[in-house]
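**Q** Dropping in my_file28.cif, which is mmCIF, C-alpha atoms and all ligand atoms:
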```cif
data_structure
loop_
_atom_site.label_atom_id
_atom_site.label_comp_id
_atom_site.auth_asym_id
_atom_site.auth_seq_id
_atom_site.Cartn_x
_atom_site.Cartn_y
_atom_site.Cartn_z
CA MET V 217 77.11 -171.78 -145.53
CA HIS V 218 76.26 -173.24 -148.89
CA LEU V 219 77.17 -171.87 -152.28
CA ASP V 220 75.62 -173.29 -155.41
CA HIS V 221 78.30 -175.07 -157.40
CA ASP V 222 76.80 -173.73 -160.62
CA THR V 223 77.67 -170.20 -159.53
CA MET V 224 81.32 -171.07 -158.92
CA PRO V 225 83.92 -170.23 -161.54
CA PRO V 226 85.39 -173.26 -163.28
CA HIS V 227 88.57 -174.60 -161.73
CA HIS V 228 90.73 -176.91 -163.75
CA HIS V 229 92.55 -178.99 -161.21
CA THR V 230 95.23 -181.06 -162.77
CA PRO V 231 97.13 -182.44 -159.84
CA SER V 232 100.55 -183.21 -161.04
CA ALA V 233 101.68 -186.81 -160.94
CA GLU V 234 104.96 -185.77 -159.34
CA ALA V 235 103.27 -184.12 -156.33
CA LEU V 236 104.78 -186.65 -153.99
CA HIS V 237 105.88 -186.27 -150.42
CA PRO V 238 109.54 -187.09 -149.87
CA ASP V 239 108.41 -190.27 -148.10
CA GLY V 240 106.77 -191.43 -151.35
CA SER V 241 103.17 -190.76 -150.30
CA ARG V 242 101.04 -188.25 -152.14
CA ARG V 243 100.76 -185.81 -149.26
CA ALA V 244 100.24 -182.20 -150.31
CA LEU V 245 102.74 -179.49 -149.42
CA ARG V 246 101.41 -177.64 -146.34
CA ILE V 247 102.04 -173.93 -145.95
CA GLY V 248 100.94 -171.98 -142.86
CA LEU V 249 100.14 -168.26 -142.91
CA GLY V 250 100.26 -166.36 -139.62
CA GLY V 251 100.52 -162.75 -138.50
CA PRO V 252 98.84 -160.00 -136.51
CA VAL V 253 95.09 -159.29 -136.75
CA GLY V 254 94.12 -157.57 -139.97
CA SER V 255 97.52 -157.72 -141.69
CA GLY V 256 96.04 -159.39 -144.77
CA LYS V 257 96.31 -163.14 -144.18
CA THR V 258 92.88 -163.93 -145.65
CA ALA V 259 93.47 -161.53 -148.55
CA THR V 260 96.81 -163.29 -149.21
CA VAL V 261 95.17 -166.74 -149.14
CA ALA V 262 92.41 -165.52 -151.49
CA ALA V 263 94.88 -163.99 -153.93
CA LEU V 264 97.11 -167.10 -153.86
CA CYS V 265 94.12 -169.34 -154.64
CA ARG V 266 93.16 -167.13 -157.59
CA ALA V 267 96.73 -167.09 -158.90
CA LEU V 268 97.41 -170.84 -158.56
CA ARG V 269 94.07 -172.68 -158.73
CA ASP V 270 94.09 -173.26 -162.50
CA ARG V 271 97.26 -175.32 -162.36
CA LEU V 272 97.35 -176.69 -158.81
CA SER V 273 94.89 -178.66 -156.71
CA ILE V 274 94.52 -176.50 -153.59
CA ALA V 275 92.61 -176.67 -150.29
CA VAL V 276 92.45 -174.18 -147.41
CA VAL V 277 92.03 -174.52 -143.63
CA THR V 278 91.12 -171.33 -141.77
CA ASN V 279 91.42 -170.75 -138.02
CA ASP V 280 89.15 -168.21 -136.36
CA ILE V 281 88.68 -167.63 -132.64
CA TYR V 282 84.90 -168.02 -132.34
CA THR V 283 83.57 -167.68 -135.88
CA ARG V 284 84.00 -168.97 -139.42
CA GLU V 285 84.47 -165.47 -140.83
CA ASP V 286 87.64 -166.09 -142.82
CA ALA V 287 86.23 -169.25 -144.40
CA GLU V 288 82.99 -167.43 -145.18
CA PHE V 289 84.92 -164.61 -146.86
CA LEU V 290 86.78 -167.13 -149.04
CA LEU V 291 83.49 -168.87 -149.88
CA ARG V 292 81.77 -165.58 -150.70
CA GLU V 293 84.67 -164.60 -152.93
CA ALA V 294 84.45 -168.07 -154.52
CA VAL V 295 88.23 -168.46 -154.52
CA LEU V 296 87.80 -172.26 -154.40
CA PRO V 297 84.79 -174.60 -154.46
CA PRO V 298 83.23 -174.97 -150.96
CA GLU V 299 84.43 -178.52 -150.38
CA ARG V 300 88.02 -177.24 -150.57
CA ILE V 301 87.63 -174.82 -147.62
CA THR V 302 87.45 -175.98 -143.98
CA ALA V 303 87.07 -173.76 -140.91
CA VAL V 304 88.54 -174.61 -137.50
CA GLU V 305 87.24 -172.63 -134.50
CA THR V 306 90.15 -172.23 -132.12
CA GLY V 307 88.67 -170.69 -128.95
CA ALA V 308 90.59 -168.00 -127.09
CA CYS V 309 94.19 -168.74 -128.11
CA PRO V 310 94.69 -168.95 -131.88
CA HIS V 311 98.41 -169.72 -131.56
CA THR V 312 97.66 -172.84 -129.48
CA ALA V 313 95.76 -174.46 -132.37
CA ILE V 314 98.69 -174.06 -134.76
CA ARG V 315 101.58 -174.59 -132.37
CA ASP V 316 100.68 -176.67 -129.31
CA ASP V 317 97.47 -178.70 -129.67
CA ILE V 318 97.42 -179.03 -133.44
CA SER V 319 94.96 -181.96 -133.47
CA ALA V 320 91.96 -180.02 -134.86
CA ASN V 321 94.08 -178.63 -137.69
CA LEU V 322 95.69 -181.97 -138.45
CA GLU V 323 92.27 -183.59 -138.59
CA ALA V 324 91.02 -180.91 -140.99
CA VAL V 325 94.09 -181.36 -143.21
CA GLU V 326 93.77 -185.15 -143.25
CA GLU V 327 90.06 -185.00 -144.08
CA LEU V 328 90.79 -182.71 -147.02
CA GLU V 329 93.56 -185.05 -148.22
CA GLU V 330 91.17 -188.01 -148.03
CA SER V 331 88.20 -186.36 -149.71
CA LEU V 332 90.10 -184.52 -152.47
CA PRO V 333 93.02 -186.69 -153.54
CA PRO V 334 95.54 -185.87 -154.75
CA LEU V 335 96.06 -182.33 -153.51
CA ASP V 336 99.17 -180.33 -154.43
CA LEU V 337 98.93 -177.62 -151.78
CA ILE V 338 97.12 -176.97 -148.49
CA LEU V 339 97.15 -173.42 -147.11
CA ILE V 340 96.52 -173.15 -143.36
CA GLU V 341 95.61 -169.67 -142.17
CA SER V 342 96.13 -168.91 -138.50
CA GLY V 343 93.76 -166.72 -136.54
CA GLY V 344 95.17 -163.21 -136.18
CA ASP V 345 97.65 -163.17 -133.31
CA ASN V 346 100.66 -161.33 -132.01
CA LEU V 347 104.23 -161.39 -133.25
CA THR V 348 105.04 -164.63 -131.46
CA ALA V 349 102.59 -166.92 -133.28
CA THR V 350 104.44 -169.68 -135.10
CA PHE V 351 103.31 -173.00 -136.56
CA SER V 352 104.32 -176.43 -135.34
CA LYS V 353 106.63 -178.24 -137.75
CA GLY V 354 104.25 -181.17 -137.25
CA LEU V 355 101.50 -179.20 -138.99
CA VAL V 356 103.20 -177.28 -141.82
CA ASP V 357 106.24 -177.67 -144.06
CA HIS V 358 106.78 -173.92 -144.46
CA GLN V 359 105.39 -170.84 -142.80
CA VAL V 360 104.64 -167.37 -144.07
CA PHE V 361 104.35 -164.42 -141.68
CA VAL V 362 102.22 -161.50 -142.89
CA ILE V 363 102.62 -158.03 -141.39
CA ASP V 364 101.48 -154.74 -142.86
CA VAL V 365 102.89 -151.25 -143.14
CA SER V 366 100.02 -149.59 -141.28
CA SER V 367 100.92 -151.23 -137.96
CA GLY V 368 104.17 -149.23 -137.84
CA ASP V 369 107.37 -149.39 -139.83
CA ASP V 370 109.30 -150.40 -136.70
CA ILE V 371 107.68 -153.88 -136.56
CA PRO V 372 110.54 -155.63 -138.44
CA ARG V 373 113.08 -153.97 -136.16
CA LYS V 374 111.27 -155.25 -133.04
CA GLY V 375 111.57 -158.85 -134.24
CA GLY V 376 109.78 -161.76 -132.54
CA PRO V 377 109.69 -165.37 -133.74
CA GLY V 378 107.27 -164.71 -136.62
CA ILE V 379 109.50 -161.97 -138.05
CA THR V 380 112.81 -163.69 -137.47
CA THR V 381 112.06 -167.35 -138.26
CA ALA V 382 109.21 -167.52 -140.81
CA ASP V 383 110.30 -169.05 -144.12
CA LEU V 384 108.83 -166.02 -145.90
CA LEU V 385 108.07 -162.58 -144.44
CA VAL V 386 105.37 -160.67 -146.31
CA VAL V 387 105.13 -156.91 -145.70
CA ASN V 388 101.65 -156.17 -147.03
CA LYS V 389 99.61 -153.02 -147.84
CA THR V 390 102.53 -151.11 -149.36
CA ASP V 391 99.91 -148.96 -151.12
CA LEU V 392 99.17 -147.43 -147.69
CA ALA V 393 102.81 -146.52 -146.95
CA PRO V 394 102.54 -142.88 -148.11
CA TYR V 395 99.41 -142.34 -146.01
CA VAL V 396 100.79 -143.78 -142.77
CA GLY V 397 104.32 -142.43 -143.20
CA ALA V 398 105.90 -145.90 -143.38
CA ASP V 399 109.47 -146.02 -144.68
CA LEU V 400 109.67 -149.18 -146.81
CA ALA V 401 113.45 -149.00 -147.23
CA THR V 402 113.91 -148.99 -143.45
CA MET V 403 111.45 -151.89 -143.11
CA ALA V 404 113.43 -153.82 -145.74
CA SER V 405 116.82 -153.27 -144.11
CA ASP V 406 115.49 -154.01 -140.60
CA ALA V 407 113.86 -157.21 -141.88
CA ASP V 408 117.09 -158.29 -143.60
CA ARG V 409 119.03 -157.65 -140.43
CA GLN V 410 116.60 -159.77 -138.38
CA ARG V 411 116.32 -162.58 -140.92
CA GLY V 412 119.71 -163.07 -142.47
CA LYS V 413 119.20 -164.90 -145.77
CA LEU V 414 115.49 -165.70 -145.26
CA PRO V 415 113.35 -163.99 -147.94
CA VAL V 416 111.17 -160.89 -147.51
CA VAL V 417 108.62 -159.66 -150.06
CA PHE V 418 106.56 -156.47 -150.20
CA THR V 419 102.99 -156.73 -151.47
CA SER V 420 99.97 -154.62 -152.21
CA LEU V 421 96.92 -156.76 -152.78
CA THR V 422 94.96 -153.85 -154.20
CA SER V 423 96.72 -154.40 -157.53
CA ASP V 424 95.89 -157.38 -159.74
CA ASP V 425 99.33 -158.98 -159.73
CA GLY V 426 100.25 -157.84 -156.20
CA ILE V 427 100.40 -161.46 -154.99
CA GLN V 428 103.00 -162.49 -157.60
CA PRO V 429 106.09 -162.48 -155.32
CA VAL V 430 104.30 -164.79 -152.86
CA ALA V 431 102.98 -167.03 -155.67
CA ASP V 432 106.53 -167.29 -157.06
CA TRP V 433 107.84 -168.28 -153.64
CA VAL V 434 105.12 -170.97 -153.29
CA ASP V 435 106.05 -172.29 -156.76
CA GLY V 436 109.68 -172.50 -155.64
CA CYS V 437 108.67 -174.44 -152.49
CA LEU V 438 106.60 -176.87 -154.57
CA ALA V 439 109.42 -177.38 -157.06
CA ALA V 440 111.85 -178.15 -154.21
CA TRP V 441 109.28 -180.49 -152.60
CA ARG V 442 108.86 -182.42 -155.83
CA THR V 443 112.58 -182.63 -156.45
CA GLU V 444 113.05 -184.01 -152.95
CA ALA V 445 110.23 -186.50 -153.58
CA ALA V 446 111.80 -187.61 -156.83
CA VAL V 447 115.21 -188.38 -155.29
N1 LIG M 501 94.96 -151.10 -148.76
C1 LIG M 501 95.12 -152.42 -148.62
N2 LIG M 501 94.23 -153.13 -147.91
C2 LIG M 501 94.43 -154.46 -147.77
C3 LIG M 501 95.53 -155.14 -148.40
N3 LIG M 501 95.45 -156.45 -148.06
C4 LIG M 501 94.37 -156.60 -147.28
N4 LIG M 501 93.74 -155.41 -147.11
C5 LIG M 501 92.53 -155.12 -146.33
O1 LIG M 501 92.85 -155.24 -144.94
C6 LIG M 501 91.74 -155.74 -144.21
C7 LIG M 501 92.17 -156.96 -143.42
O2 LIG M 501 92.54 -157.98 -144.35
P1 LIG M 501 92.37 -159.51 -144.00
O3 LIG M 501 92.88 -160.28 -145.16
O4 LIG M 501 90.99 -159.79 -143.51
O5 LIG M 501 93.36 -159.61 -142.76
P2 LIG M 501 93.62 -160.88 -141.81
O6 LIG M 501 95.05 -160.82 -141.45
O7 LIG M 501 93.12 -162.11 -142.46
O8 LIG M 501 92.70 -160.50 -140.58
P3 LIG M 501 92.28 -161.47 -139.33
O9 LIG M 501 91.86 -162.78 -139.91
O10 LIG M 501 91.15 -160.72 -138.68
O11 LIG M 501 93.48 -161.55 -138.46
C8 LIG M 501 90.64 -156.03 -145.24
O12 LIG M 501 89.77 -154.93 -145.26
C9 LIG M 501 91.41 -156.14 -146.55
O13 LIG M 501 90.64 -155.79 -147.68
C10 LIG M 501 96.45 -154.35 -149.17
O14 LIG M 501 97.45 -154.81 -149.74
N5 LIG M 501 96.19 -153.00 -149.24
#
```
Take the structure in this file and express it as structure tokens.
**A**
Amino acid sequence: MHLDHDTMPPHHHTPSAEALHPDGSRRALRIGLGGPVGSGKTATVAALCRALRDRLSIAVVTNDIYTREDAEFLLREAVLPPERITAVETGACPHTAIRDDISANLEAVEELEESLPPLDLILIESGGDNLTATFSKGLVDHQVFVIDVSSGDDIPRKGGPGITTADLLVVNKTDLAPYVGADLATMASDADRQRGKLPVVFTSLTSDDGIQPVADWVDGCLAAWRTEAAV
């Protein structure tokens, strides 16, 4: 797919000089987003790019089973210029490409780092999978797990590695809660019980600033990353 650069909105990338990896290199912070099919991973990536792209240099890697649909959505929505979006086709097992054989994703990340230096942030979106999909620590620095209220308000209670161990749990589509009878307070207390001190945010991406809690969390991760790099 090709989009004419002239039709893209202007993006003012001012990669910050202090965007250093703790080892002193200029590697970007890598954040993985996983979660069940249709929970809102691509919508979260799109909204994050819109919220952060004017002050951070961002690239995205998408993982789809047999298609490039998520990347094509992001291109169509023009959330970033085309050269900042790479699609990996994972074949039948999306979790394998982010957890076990991460070579295709690592290659995509490294190519983006080489062609667009220096990047501040790379978002890696997993293909939709079940509640056990987690990212390899060799691929990402932090992981976000996105679930949504319409899949049942008992999902946090049921747990699974994504729910219990992700660095951030996003409970998306809160606007649908009244229509599907989801009890957000129960979801919040179940999630807290499963996750201890790990953070949980509730989002509705139908509102303009719905992504803010996730954007704030990403900002916090970047600030910590830079502090670590500066030590
Ligand atoms: N009502 C509502 N719809 C949402 C919200 N977030 C996403 N959606 C819709 O939910 C559908 C699925 O969203 P996606 O972002 O494609 O979900 P995904 O997790 O990337 O899906 P896969 O890549 O297929 O696993 C789309 O029609 C979105 O527009 C939300 O906060 N509220």
**Q** Fewer than 5 positions away in the same chain doesn't count, so skip those; otherwise give me all residues within 9 Å of V:Thr402, counting all atoms listed in the file, as a ChimeraX atom specification.
**A** /V:369-370,372-373,407
**Q** From the set V:Asp270, V:Asp383, V:Asp345, V:Glu299, which residue has the shortest atom-to-atom contact distance to ligand LIG 501 (chain M), counting only C-alpha atoms and all ligand atoms?
**A**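 The shortest atom-to-atom distance to ligand LIG 501 (chain M) comes from V:Asp345.
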**Q** Using all atoms listed in the file for the distances, tell me which of V:Pro310, V:His358, V:Ala401, V:Asp435 is nearest to V:Leu268.
**A**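 With all atoms listed in the file as the atom set, the closest residue is V:Asp435.
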**Q** Give the residue list for ligand LIG 501 (chain M) at 6 Å, counting only C-alpha atoms and all ligand atoms, as number ranges by chain, sorted by chain and then by residue number.
**A** V: 252-259, 343-344, 388-389, 391-392, 420-422
**Q** For each of V:Arg246, V:Gln410, V:Phe418, V:Ala262, take the minimum atom-to-atom distance to V:Pro377, counting only C-alpha atoms, then give the residue where this is smallest.
**A**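 Answer, going by the shortest atom-to-atom distance: V:Gln410.
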**Q** Name the residues in contact with V:Glu326 at a cut-off of 12 Å, using all atoms listed in the file, excluding same-chain residues fewer than 2 positions from it; report them as a list in words.
**A**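 My reading of the contact set: Arg242, Arg243, Ala244, Arg246, Ala275, Val276, Val277, Thr302, Ser319, Ala320, Asn321, Leu322, Glu323, Ala324, Leu328, Glu329, Glu330, Ser331, Leu332, Pro333, Pro334, Leu335, Ile338 and Leu355 of chain V.
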**Q** Now that the selection is made, can you save its residues with C-alpha atoms as a PDB file, in the frame of the given file?
**A**
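Result file is part09.pdb:
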```pdb
ATOM      1  CA  ARG V 242     101.040-188.250-152.140  1.00  0.00           C
ATOM      2  CA  ARG V 243     100.760-185.810-149.260  1.00  0.00           C
ATOM      3  CA  ALA V 244     100.240-182.200-150.310  1.00  0.00           C
ATOM      4  CA  ARG V 246     101.410-177.640-146.340  1.00  0.00           C
ATOM      5  CA  ALA V 275      92.610-176.670-150.290  1.00  0.00           C
ATOM      6  CA  VAL V 276      92.450-174.180-147.410  1.00  0.00           C
ATOM      7  CA  VAL V 277      92.030-174.520-143.630  1.00  0.00           C
ATOM      8  CA  THR V 302      87.450-175.980-143.980  1.00  0.00           C
ATOM      9  CA  SER V 319      94.960-181.960-133.470  1.00  0.00           C
ATOM     10  CA  ALA V 320      91.960-180.020-134.860  1.00  0.00           C
ATOM     11  CA  ASN V 321      94.080-178.630-137.690  1.00  0.00           C
ATOM     12  CA  LEU V 322      95.690-181.970-138.450  1.00  0.00           C
ATOM     13  CA  GLU V 323      92.270-183.590-138.590  1.00  0.00           C
ATOM     14  CA  ALA V 324      91.020-180.910-140.990  1.00  0.00           C
ATOM     15  CA  LEU V 328      90.790-182.710-147.020  1.00  0.00           C
ATOM     16  CA  GLU V 329      93.560-185.050-148.220  1.00  0.00           C
ATOM     17  CA  GLU V 330      91.170-188.010-148.030  1.00  0.00           C
ATOM     18  CA  SER V 331      88.200-186.360-149.710  1.00  0.00           C
ATOM     19  CA  LEU V 332      90.100-184.520-152.470  1.00  0.00           C
ATOM     20  CA  PRO V 333      93.020-186.690-153.540  1.00  0.00           C
ATOM     21  CA  PRO V 334      95.540-185.870-154.750  1.00  0.00           C
ATOM     22  CA  LEU V 335      96.060-182.330-153.510  1.00  0.00           C
ATOM     23  CA  ILE V 338      97.120-176.970-148.490  1.00  0.00           C
ATOM     24  CA  LEU V 355     101.500-179.200-138.990  1.00  0.00           C
TER      25      LEU V 355
END
```
**Q** Set the distance at 9 Å and use all atoms listed in the file: which residues neighbour V:Ala303 once local chain neighbours fewer than 2 positions away are removed? I'd like the list as a count of residues only.
**A** 14
**Q** Suppose you want the space between atom CA of V:Cys437 and atom CA of V:Thr306; what is it in Å?
**A**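 According to the coordinates, atom CA of V:Cys437 and atom CA of V:Thr306 are separated by 27.6 Å.
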**Q** Please, what distance in Å, to one decimal, runs between atom CA of V:Val365 and atom CA of V:Val396?
**A**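 The value is 7.8 Å.
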**Q** So, with all atoms listed in the file as the atoms that count, which of V:Leu414, V:Ala440, V:Ile314, V:Leu245 lies closest to V:Thr348?
**A** V:Ile314
**Q** Which distance in Å separates atom CA of V:Pro298 and atom CA of V:Gly436, to one decimal?
**A**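 Going from atom CA of V:Pro298 over to atom CA of V:Gly436 covers 27.0 Å.
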**Q** Mind checking which residues fall within 10 Å of V:Gly354, counting only C-alpha atoms, ignoring those fewer than 3 positions away in the same chain, and posting them as a PyMOL selection string?
**A** chain V and resi 314-316+318+322+351+357
**Q** Would you please work out which residue, of V:Val295, V:Val362, V:Ala404, V:Ile371, is nearest to V:Ala349 when using all atoms listed in the file?
**A** V:Val362
